[in-house]
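Data block for final37.pdb (PDB, N, CA and C atoms):
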MODEL        1
ATOM      1  N   MET A   1     -24.621  11.483   6.023
ATOM      2  CA  MET A   1     -23.188  11.335   6.030
ATOM      3  C   MET A   1     -22.721  11.055   4.601
ATOM      4  N   ILE A   2     -21.783  11.822   4.139
ATOM      5  CA  ILE A   2     -21.243  11.652   2.791
ATOM      6  C   ILE A   2     -20.012  10.768   2.867
ATOM      7  N   ARG A   3     -20.028   9.694   2.046
ATOM      8  CA  ARG A   3     -18.871   8.806   1.973
ATOM      9  C   ARG A   3     -18.072   9.149   0.730
ATOM     10  N   ARG A   4     -16.792   8.955   0.815
ATOM     11  CA  ARG A   4     -15.907   9.200  -0.319
ATOM     12  C   ARG A   4     -15.248   7.887  -0.692
ATOM     13  N   MET A   5     -15.367   7.511  -1.970
ATOM     14  CA  MET A   5     -14.678   6.326  -2.457
ATOM     15  C   MET A   5     -13.191   6.657  -2.579
ATOM     16  N   ALA A   6     -12.371   5.718  -2.185
ATOM     17  CA  ALA A   6     -10.935   5.964  -2.150
ATOM     18  C   ALA A   6     -10.181   4.866  -2.876
ATOM     19  N   THR A   7      -8.966   5.185  -3.251
ATOM     20  CA  THR A   7      -8.065   4.168  -3.776
ATOM     21  C   THR A   7      -7.559   3.349  -2.591
ATOM     22  N   HIS A   8      -6.931   2.249  -2.882
ATOM     23  CA  HIS A   8      -6.344   1.397  -1.842
ATOM     24  C   HIS A   8      -5.390   2.212  -0.966
ATOM     25  N   PHE A   9      -4.543   2.984  -1.589
ATOM     26  CA  PHE A   9      -3.562   3.802  -0.862
ATOM     27  C   PHE A   9      -4.261   4.830   0.023
ATOM     28  N   GLN A  10      -5.286   5.503  -0.499
ATOM     29  CA  GLN A  10      -6.007   6.510   0.279
ATOM     30  C   GLN A  10      -6.723   5.885   1.473
ATOM     31  N   TYR A  11      -7.288   4.684   1.277
ATOM     32  CA  TYR A  11      -7.961   3.997   2.370
ATOM     33  C   TYR A  11      -6.964   3.660   3.476
ATOM     34  N   ILE A  12      -5.809   3.126   3.104
ATOM     35  CA  ILE A  12      -4.784   2.787   4.095
ATOM     36  C   ILE A  12      -4.347   4.040   4.852
ATOM     37  N   GLU A  13      -4.142   5.125   4.154
ATOM     38  CA  GLU A  13      -3.728   6.371   4.794
ATOM     39  C   GLU A  13      -4.800   6.852   5.786
ATOM     40  N   ALA A  14      -6.069   6.808   5.379
ATOM     41  CA  ALA A  14      -7.162   7.228   6.270
ATOM     42  C   ALA A  14      -7.259   6.311   7.480
ATOM     43  N   ALA A  15      -7.132   5.007   7.267
ATOM     44  CA  ALA A  15      -7.208   4.048   8.367
ATOM     45  C   ALA A  15      -6.053   4.250   9.344
ATOM     46  N   MET A  16      -4.858   4.443   8.831
ATOM     47  CA  MET A  16      -3.698   4.629   9.697
ATOM     48  C   MET A  16      -3.809   5.917  10.513
ATOM     49  N   ASN A  17      -4.505   6.912   9.982
ATOM     50  CA  ASN A  17      -4.724   8.146  10.739
ATOM     51  C   ASN A  17      -5.653   7.916  11.932
ATOM     52  N   CYS A  18      -6.385   6.807  11.935
ATOM     53  CA  CYS A  18      -7.292   6.456  13.036
ATOM     54  C   CYS A  18      -6.638   5.507  14.040
ATOM     55  N   ALA A  19      -5.407   5.092  13.775
ATOM     56  CA  ALA A  19      -4.744   4.096  14.620
ATOM     57  C   ALA A  19      -4.628   4.567  16.066
ATOM     58  N   VAL A  20      -4.785   3.597  16.971
ATOM     59  CA  VAL A  20      -4.661   3.836  18.405
ATOM     60  C   VAL A  20      -3.446   3.061  18.895
ATOM     61  N   HIS A  21      -2.628   3.698  19.687
ATOM     62  CA  HIS A  21      -1.404   3.083  20.216
ATOM     63  C   HIS A  21      -1.466   3.079  21.735
ATOM     64  N   GLU A  22      -1.120   1.937  22.325
ATOM     65  CA  GLU A  22      -1.133   1.815  23.777
ATOM     66  C   GLU A  22       0.166   1.173  24.250
ATOM     67  N   LYS A  23       0.756   1.760  25.264
ATOM     68  CA  LYS A  23       1.958   1.179  25.852
ATOM     69  C   LYS A  23       1.546   0.010  26.743
ATOM     70  N   MET A  24       2.197  -1.132  26.568
ATOM     71  CA  MET A  24       1.885  -2.329  27.337
ATOM     72  C   MET A  24       2.747  -2.385  28.596
ATOM     73  N   GLU A  25       2.351  -3.236  29.539
ATOM     74  CA  GLU A  25       3.082  -3.360  30.803
ATOM     75  C   GLU A  25       4.530  -3.789  30.616
ATOM     76  N   ASP A  26       4.794  -4.578  29.569
ATOM     77  CA  ASP A  26       6.163  -5.057  29.341
ATOM     78  C   ASP A  26       7.040  -4.025  28.633
ATOM     79  N   GLY A  27       6.484  -2.829  28.361
ATOM     80  CA  GLY A  27       7.249  -1.770  27.706
ATOM     81  C   GLY A  27       7.060  -1.710  26.213
ATOM     82  N   GLY A  28       6.464  -2.751  25.614
ATOM     83  CA  GLY A  28       6.186  -2.746  24.184
ATOM     84  C   GLY A  28       4.948  -1.915  23.877
ATOM     85  N   TRP A  29       4.591  -1.883  22.603
ATOM     86  CA  TRP A  29       3.449  -1.101  22.151
ATOM     87  C   TRP A  29       2.458  -1.982  21.406
ATOM     88  N   PHE A  30       1.184  -1.674  21.587
ATOM     89  CA  PHE A  30       0.068  -2.338  20.922
ATOM     90  C   PHE A  30      -0.592  -1.296  20.038
ATOM     91  N   ALA A  31      -0.908  -1.661  18.795
ATOM     92  CA  ALA A  31      -1.562  -0.733  17.871
ATOM     93  C   ALA A  31      -2.754  -1.416  17.219
ATOM     94  N   SER A  32      -3.825  -0.670  17.056
ATOM     95  CA  SER A  32      -5.023  -1.186  16.396
ATOM     96  C   SER A  32      -5.758  -0.034  15.725
ATOM     97  N   ILE A  33      -6.763  -0.398  14.930
ATOM     98  CA  ILE A  33      -7.599   0.599  14.272
ATOM     99  C   ILE A  33      -9.042   0.284  14.647
ATOM    100  N   PRO A  34      -9.687   1.177  15.407
ATOM    101  CA  PRO A  34     -11.069   0.935  15.818
ATOM    102  C   PRO A  34     -11.969   0.639  14.616
ATOM    103  N   GLY A  35     -12.801  -0.394  14.772
ATOM    104  CA  GLY A  35     -13.734  -0.763  13.712
ATOM    105  C   GLY A  35     -13.212  -1.818  12.758
ATOM    106  N   LEU A  36     -11.924  -2.090  12.783
ATOM    107  CA  LEU A  36     -11.342  -3.098  11.900
ATOM    108  C   LEU A  36     -11.017  -4.323  12.755
ATOM    109  N   THR A  37     -12.033  -5.150  12.939
ATOM    110  CA  THR A  37     -11.986  -6.299  13.826
ATOM    111  C   THR A  37     -10.868  -7.275  13.468
ATOM    112  N   GLY A  38     -10.107  -7.644  14.473
ATOM    113  CA  GLY A  38      -9.046  -8.626  14.288
ATOM    114  C   GLY A  38      -7.747  -8.056  13.762
ATOM    115  N   LEU A  39      -7.694  -6.758  13.542
ATOM    116  CA  LEU A  39      -6.466  -6.127  13.028
ATOM    117  C   LEU A  39      -5.741  -5.454  14.184
ATOM    118  N   TRP A  40      -4.530  -5.910  14.458
ATOM    119  CA  TRP A  40      -3.712  -5.313  15.496
ATOM    120  C   TRP A  40      -2.259  -5.681  15.254
ATOM    121  N   ALA A  41      -1.368  -4.994  15.938
ATOM    122  CA  ALA A  41       0.060  -5.288  15.827
ATOM    123  C   ALA A  41       0.745  -4.865  17.117
ATOM    124  N   THR A  42       1.916  -5.403  17.332
ATOM    125  CA  THR A  42       2.725  -5.010  18.484
ATOM    126  C   THR A  42       4.146  -4.709  18.009
ATOM    127  N   GLY A  43       4.870  -3.996  18.838
ATOM    128  CA  GLY A  43       6.260  -3.692  18.524
ATOM    129  C   GLY A  43       6.997  -3.225  19.756
ATOM    130  N   ARG A  44       8.306  -3.225  19.659
ATOM    131  CA  ARG A  44       9.135  -2.789  20.792
ATOM    132  C   ARG A  44       9.045  -1.284  20.999
ATOM    133  N   SER A  45       8.695  -0.563  19.934
ATOM    134  CA  SER A  45       8.511   0.888  20.020
ATOM    135  C   SER A  45       7.181   1.235  19.356
ATOM    136  N   LYS A  46       6.721   2.453  19.609
ATOM    137  CA  LYS A  46       5.480   2.907  18.977
ATOM    138  C   LYS A  46       5.620   2.878  17.457
ATOM    139  N   GLU A  47       6.767   3.296  16.967
ATOM    140  CA  GLU A  47       7.015   3.329  15.526
ATOM    141  C   GLU A  47       7.017   1.917  14.938
ATOM    142  N   ALA A  48       7.602   0.959  15.660
ATOM    143  CA  ALA A  48       7.638  -0.428  15.174
ATOM    144  C   ALA A  48       6.236  -1.022  15.135
ATOM    145  N   ALA A  49       5.434  -0.731  16.158
ATOM    146  CA  ALA A  49       4.051  -1.227  16.170
ATOM    147  C   ALA A  49       3.263  -0.607  15.031
ATOM    148  N   ARG A  50       3.482   0.665  14.771
ATOM    149  CA  ARG A  50       2.776   1.357  13.681
ATOM    150  C   ARG A  50       3.175   0.777  12.323
ATOM    151  N   LYS A  51       4.459   0.504  12.142
ATOM    152  CA  LYS A  51       4.930  -0.077  10.875
ATOM    153  C   LYS A  51       4.314  -1.458  10.658
ATOM    154  N   ASP A  52       4.305  -2.275  11.706
ATOM    155  CA  ASP A  52       3.710  -3.611  11.592
ATOM    156  C   ASP A  52       2.207  -3.532  11.352
ATOM    157  N   LEU A  53       1.542  -2.555  11.975
ATOM    158  CA  LEU A  53       0.112  -2.372  11.754
ATOM    159  C   LEU A  53      -0.164  -2.006  10.298
ATOM    160  N   HIS A  54       0.657  -1.146   9.739
ATOM    161  CA  HIS A  54       0.515  -0.745   8.328
ATOM    162  C   HIS A  54       0.622  -1.957   7.417
ATOM    163  N   GLU A  55       1.613  -2.799   7.665
ATOM    164  CA  GLU A  55       1.799  -4.008   6.857
ATOM    165  C   GLU A  55       0.637  -4.978   7.052
ATOM    166  N   ALA A  56       0.181  -5.125   8.294
ATOM    167  CA  ALA A  56      -0.945  -6.026   8.579
ATOM    168  C   ALA A  56      -2.226  -5.523   7.928
ATOM    169  N   LEU A  57      -2.424  -4.218   7.893
ATOM    170  CA  LEU A  57      -3.624  -3.632   7.295
ATOM    171  C   LEU A  57      -3.739  -3.994   5.826
ATOM    172  N   ASP A  58      -2.654  -3.943   5.109
ATOM    173  CA  ASP A  58      -2.668  -4.289   3.682
ATOM    174  C   ASP A  58      -3.158  -5.723   3.479
ATOM    175  N   GLY A  59      -2.624  -6.656   4.248
ATOM    176  CA  GLY A  59      -3.059  -8.049   4.146
ATOM    177  C   GLY A  59      -4.472  -8.245   4.652
ATOM    178  N   TRP A  60      -4.860  -7.515   5.693
ATOM    179  CA  TRP A  60      -6.203  -7.614   6.264
ATOM    180  C   TRP A  60      -7.255  -7.209   5.237
ATOM    181  N   ILE A  61      -6.978  -6.146   4.494
ATOM    182  CA  ILE A  61      -7.904  -5.692   3.443
ATOM    183  C   ILE A  61      -8.066  -6.788   2.393
ATOM    184  N   GLU A  62      -6.966  -7.362   1.955
ATOM    185  CA  GLU A  62      -7.002  -8.408   0.931
ATOM    186  C   GLU A  62      -7.802  -9.620   1.392
ATOM    187  N   VAL A  63      -7.533 -10.090   2.593
ATOM    188  CA  VAL A  63      -8.242 -11.263   3.125
ATOM    189  C   VAL A  63      -9.726 -10.951   3.301
ATOM    190  N   THR A  64     -10.037  -9.790   3.839
ATOM    191  CA  THR A  64     -11.432  -9.408   4.048
ATOM    192  C   THR A  64     -12.188  -9.402   2.721
ATOM    193  N   ALA A  65     -11.608  -8.808   1.708
ATOM    194  CA  ALA A  65     -12.255  -8.748   0.399
ATOM    195  C   ALA A  65     -12.374 -10.132  -0.240
ATOM    196  N   LYS A  66     -11.324 -10.941  -0.152
ATOM    197  CA  LYS A  66     -11.338 -12.270  -0.774
ATOM    198  C   LYS A  66     -12.323 -13.226  -0.112
ATOM    199  N   THR A  67     -12.650 -12.985   1.154
ATOM    200  CA  THR A  67     -13.608 -13.849   1.839
ATOM    201  C   THR A  67     -15.043 -13.360   1.652
ATOM    202  N   GLY A  68     -15.200 -12.352   0.818
ATOM    203  CA  GLY A  68     -16.535 -11.851   0.493
ATOM    204  C   GLY A  68     -17.115 -10.892   1.513
ATOM    205  N   ASN A  69     -16.316 -10.492   2.460
ATOM    206  CA  ASN A  69     -16.780  -9.537   3.465
ATOM    207  C   ASN A  69     -16.520  -8.118   3.004
ATOM    208  N   ARG A  70     -17.333  -7.204   3.485
ATOM    209  CA  ARG A  70     -17.185  -5.796   3.135
ATOM    210  C   ARG A  70     -16.097  -5.168   4.005
ATOM    211  N   VAL A  71     -15.214  -4.438   3.389
ATOM    212  CA  VAL A  71     -14.189  -3.693   4.130
ATOM    213  C   VAL A  71     -14.881  -2.472   4.722
ATOM    214  N   PRO A  72     -14.877  -2.335   6.054
ATOM    215  CA  PRO A  72     -15.598  -1.224   6.689
ATOM    216  C   PRO A  72     -15.051   0.144   6.298
ATOM    217  N   ASP A  73     -15.934   1.131   6.283
ATOM    218  CA  ASP A  73     -15.501   2.505   6.056
ATOM    219  C   ASP A  73     -14.678   2.971   7.253
ATOM    220  N   VAL A  74     -13.751   3.851   6.983
ATOM    221  CA  VAL A  74     -13.024   4.550   8.057
ATOM    222  C   VAL A  74     -13.164   6.037   7.780
ATOM    223  N   VAL A  75     -13.514   6.777   8.798
ATOM    224  CA  VAL A  75     -13.746   8.237   8.698
ATOM    225  C   VAL A  75     -14.394   8.653   7.372
ATOM    226  N   ARG A  76     -15.499   8.005   7.057
ATOM    227  CA  ARG A  76     -16.305   8.286   5.862
ATOM    228  C   ARG A  76     -15.560   8.011   4.559
ATOM    229  N   VAL A  77     -14.563   7.124   4.607
ATOM    230  CA  VAL A  77     -13.813   6.727   3.416
ATOM    231  C   VAL A  77     -14.122   5.270   3.124
ATOM    232  N   SER A  78     -14.552   5.000   1.893
ATOM    233  CA  SER A  78     -14.889   3.638   1.461
ATOM    234  C   SER A  78     -13.847   3.137   0.473
ATOM    235  N   LEU A  79     -13.673   1.834   0.500
ATOM    236  CA  LEU A  79     -12.748   1.212  -0.452
ATOM    237  C   LEU A  79     -13.548   0.553  -1.544
TER     238      LEU A  79
ENDMDL
END
Before anything else, please render the file you have as structure tokens.
Amino acid sequence: MIRRMATHFQYIEAAMNCAVHEKMEDGGWFASIPGLTGLWATGRSKEAARKDLHEALDGWIEVTAKTGNRVPDVVRVSL
């Protein structure tokens, strides 16, 4: 498997392309990215959940790196 090193922006774009969205019973939306443990967001619409997930991903990457943990690859893209 060939991995490609990416910029911060490219990694976020690749990760967001893997996002999964699920409609909840209350009518809201849940969004997550498989493989990125503890990263999720909710919103009143699919678009709102996706926007919040994008913002959460940026902070999640920073916290993961600052705590000395490796940021997982997404679709063969490394940060």
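Residues in contact with A:Thr37 at 12 Å, where only C-alpha atoms are counted and same-chain residues fewer than 2 positions away are skipped, are listed as A:Ser32, A:Ile33, A:Pro34, A:Gly35, A:Leu39, A:Trp40, A:Leu57, A:Trp60, A:Ile61, A:Thr64, A:Asn69, A:Arg70, A:Val71, A:Pro72.
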Export of prior selection with N, CA and C atoms as an mmCIF file, keeping the file's coordinate frame:
data_model
loop_
_atom_site.group_PDB
_atom_site.id
_atom_site.type_symbol
_atom_site.label_atom_id
_atom_site.label_comp_id
_atom_site.auth_asym_id
_atom_site.auth_seq_id
_atom_site.Cartn_x
_atom_site.Cartn_y
_atom_site.Cartn_z
ATOM 1 N N SER A 32 -3.825 -0.670 17.056
ATOM 2 C CA SER A 32 -5.023 -1.186 16.396
ATOM 3 C C SER A 32 -5.758 -0.034 15.725
ATOM 4 N N ILE A 33 -6.763 -0.398 14.930
ATOM 5 C CA ILE A 33 -7.599 0.599 14.272
ATOM 6 C C ILE A 33 -9.042 0.284 14.647
ATOM 7 N N PRO A 34 -9.687 1.177 15.407
ATOM 8 C CA PRO A 34 -11.069 0.935 15.818
ATOM 9 C C PRO A 34 -11.969 0.639 14.616
ATOM 10 N N GLY A 35 -12.801 -0.394 14.772
ATOM 11 C CA GLY A 35 -13.734 -0.763 13.712
ATOM 12 C C GLY A 35 -13.212 -1.818 12.758
ATOM 13 N N LEU A 39 -7.694 -6.758 13.542
ATOM 14 C CA LEU A 39 -6.466 -6.127 13.028
ATOM 15 C C LEU A 39 -5.741 -5.454 14.184
ATOM 16 N N TRP A 40 -4.530 -5.910 14.458
ATOM 17 C CA TRP A 40 -3.712 -5.313 15.496
ATOM 18 C C TRP A 40 -2.259 -5.681 15.254
ATOM 19 N N LEU A 57 -2.424 -4.218 7.893
ATOM 20 C CA LEU A 57 -3.624 -3.632 7.295
ATOM 21 C C LEU A 57 -3.739 -3.994 5.826
ATOM 22 N N TRP A 60 -4.860 -7.515 5.693
ATOM 23 C CA TRP A 60 -6.203 -7.614 6.264
ATOM 24 C C TRP A 60 -7.255 -7.209 5.237
ATOM 25 N N ILE A 61 -6.978 -6.146 4.494
ATOM 26 C CA ILE A 61 -7.904 -5.692 3.443
ATOM 27 C C ILE A 61 -8.066 -6.788 2.393
ATOM 28 N N THR A 64 -10.037 -9.790 3.839
ATOM 29 C CA THR A 64 -11.432 -9.408 4.048
ATOM 30 C C THR A 64 -12.188 -9.402 2.721
ATOM 31 N N ASN A 69 -16.316 -10.492 2.460
ATOM 32 C CA ASN A 69 -16.780 -9.537 3.465
ATOM 33 C C ASN A 69 -16.520 -8.118 3.004
ATOM 34 N N ARG A 70 -17.333 -7.204 3.485
ATOM 35 C CA ARG A 70 -17.185 -5.796 3.135
ATOM 36 C C ARG A 70 -16.097 -5.168 4.005
ATOM 37 N N VAL A 71 -15.214 -4.438 3.389
ATOM 38 C CA VAL A 71 -14.189 -3.693 4.130
ATOM 39 C C VAL A 71 -14.881 -2.472 4.722
ATOM 40 N N PRO A 72 -14.877 -2.335 6.054
ATOM 41 C CA PRO A 72 -15.598 -1.224 6.689
ATOM 42 C C PRO A 72 -15.051 0.144 6.298
#
Residues at most 10 Å from stretch 13-15 of chain A, counting only C-alpha atoms, excluding those fewer than 4 positions away in the same chain, as an mmCIF file with N, CA and C atoms, keeping the file's coordinate frame?
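Contents of selection.cif, freshly written:
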data_model
loop_
_atom_site.group_PDB
_atom_site.id
_atom_site.type_symbol
_atom_site.label_atom_id
_atom_site.label_comp_id
_atom_site.auth_asym_id
_atom_site.auth_seq_id
_atom_site.Cartn_x
_atom_site.Cartn_y
_atom_site.Cartn_z
ATOM 1 N N ALA A 6 -12.371 5.718 -2.185
ATOM 2 C CA ALA A 6 -10.935 5.964 -2.150
ATOM 3 C C ALA A 6 -10.181 4.866 -2.876
ATOM 4 N N THR A 7 -8.966 5.185 -3.251
ATOM 5 C CA THR A 7 -8.065 4.168 -3.776
ATOM 6 C C THR A 7 -7.559 3.349 -2.591
ATOM 7 N N HIS A 8 -6.931 2.249 -2.882
ATOM 8 C CA HIS A 8 -6.344 1.397 -1.842
ATOM 9 C C HIS A 8 -5.390 2.212 -0.966
ATOM 10 N N PHE A 9 -4.543 2.984 -1.589
ATOM 11 C CA PHE A 9 -3.562 3.802 -0.862
ATOM 12 C C PHE A 9 -4.261 4.830 0.023
ATOM 13 N N ALA A 19 -5.407 5.092 13.775
ATOM 14 C CA ALA A 19 -4.744 4.096 14.620
ATOM 15 C C ALA A 19 -4.628 4.567 16.066
ATOM 16 N N SER A 32 -3.825 -0.670 17.056
ATOM 17 C CA SER A 32 -5.023 -1.186 16.396
ATOM 18 C C SER A 32 -5.758 -0.034 15.725
ATOM 19 N N ILE A 33 -6.763 -0.398 14.930
ATOM 20 C CA ILE A 33 -7.599 0.599 14.272
ATOM 21 C C ILE A 33 -9.042 0.284 14.647
ATOM 22 N N PRO A 34 -9.687 1.177 15.407
ATOM 23 C CA PRO A 34 -11.069 0.935 15.818
ATOM 24 C C PRO A 34 -11.969 0.639 14.616
ATOM 25 N N GLY A 35 -12.801 -0.394 14.772
ATOM 26 C CA GLY A 35 -13.734 -0.763 13.712
ATOM 27 C C GLY A 35 -13.212 -1.818 12.758
ATOM 28 N N LEU A 36 -11.924 -2.090 12.783
ATOM 29 C CA LEU A 36 -11.342 -3.098 11.900
ATOM 30 C C LEU A 36 -11.017 -4.323 12.755
ATOM 31 N N HIS A 54 0.657 -1.146 9.739
ATOM 32 C CA HIS A 54 0.515 -0.745 8.328
ATOM 33 C C HIS A 54 0.622 -1.957 7.417
ATOM 34 N N LEU A 57 -2.424 -4.218 7.893
ATOM 35 C CA LEU A 57 -3.624 -3.632 7.295
ATOM 36 C C LEU A 57 -3.739 -3.994 5.826
ATOM 37 N N ASP A 73 -15.934 1.131 6.283
ATOM 38 C CA ASP A 73 -15.501 2.505 6.056
ATOM 39 C C ASP A 73 -14.678 2.971 7.253
ATOM 40 N N VAL A 74 -13.751 3.851 6.983
ATOM 41 C CA VAL A 74 -13.024 4.550 8.057
ATOM 42 C C VAL A 74 -13.164 6.037 7.780
ATOM 43 N N VAL A 75 -13.514 6.777 8.798
ATOM 44 C CA VAL A 75 -13.746 8.237 8.698
ATOM 45 C C VAL A 75 -14.394 8.653 7.372
ATOM 46 N N ARG A 76 -15.499 8.005 7.057
ATOM 47 C CA ARG A 76 -16.305 8.286 5.862
ATOM 48 C C ARG A 76 -15.560 8.011 4.559
ATOM 49 N N VAL A 77 -14.563 7.124 4.607
ATOM 50 C CA VAL A 77 -13.813 6.727 3.416
ATOM 51 C C VAL A 77 -14.122 5.270 3.124
ATOM 52 N N SER A 78 -14.552 5.000 1.893
ATOM 53 C CA SER A 78 -14.889 3.638 1.461
ATOM 54 C C SER A 78 -13.847 3.137 0.473
#
For A:Leu53, work out the shell of residues within 7 Å, counting only C-alpha atoms and skipping chain neighbours fewer than 2 positions away, then give it as a PyMOL selection string.
-> chain A and resi 31+40-41+49-51+55-57
Atom CA of A:Phe30 to atom CA of A:Lys46, distance in Å rounded to a single decimal = 7.8 Å
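Using all atoms listed in the file, the nearest neighbour of A:Trp29 within the list A:Val63, A:Met5, A:Leu79, A:Ala48 is A:Ala48.
Minimum atom-to-atom distances from A:Gly43, A:Glu25, A:Asp58, A:Gly38 to A:Ile12 were compared using only C-alpha atoms, and the lowest value belongs to A:Asp58.
Interatomic distance, atom C of A:Cys18 against atom N of A:Ala65: 19.5 Å.
Between atom N of A:Thr42 and atom N of A:Lys66 the interatomic distance comes to 22.6 Å.
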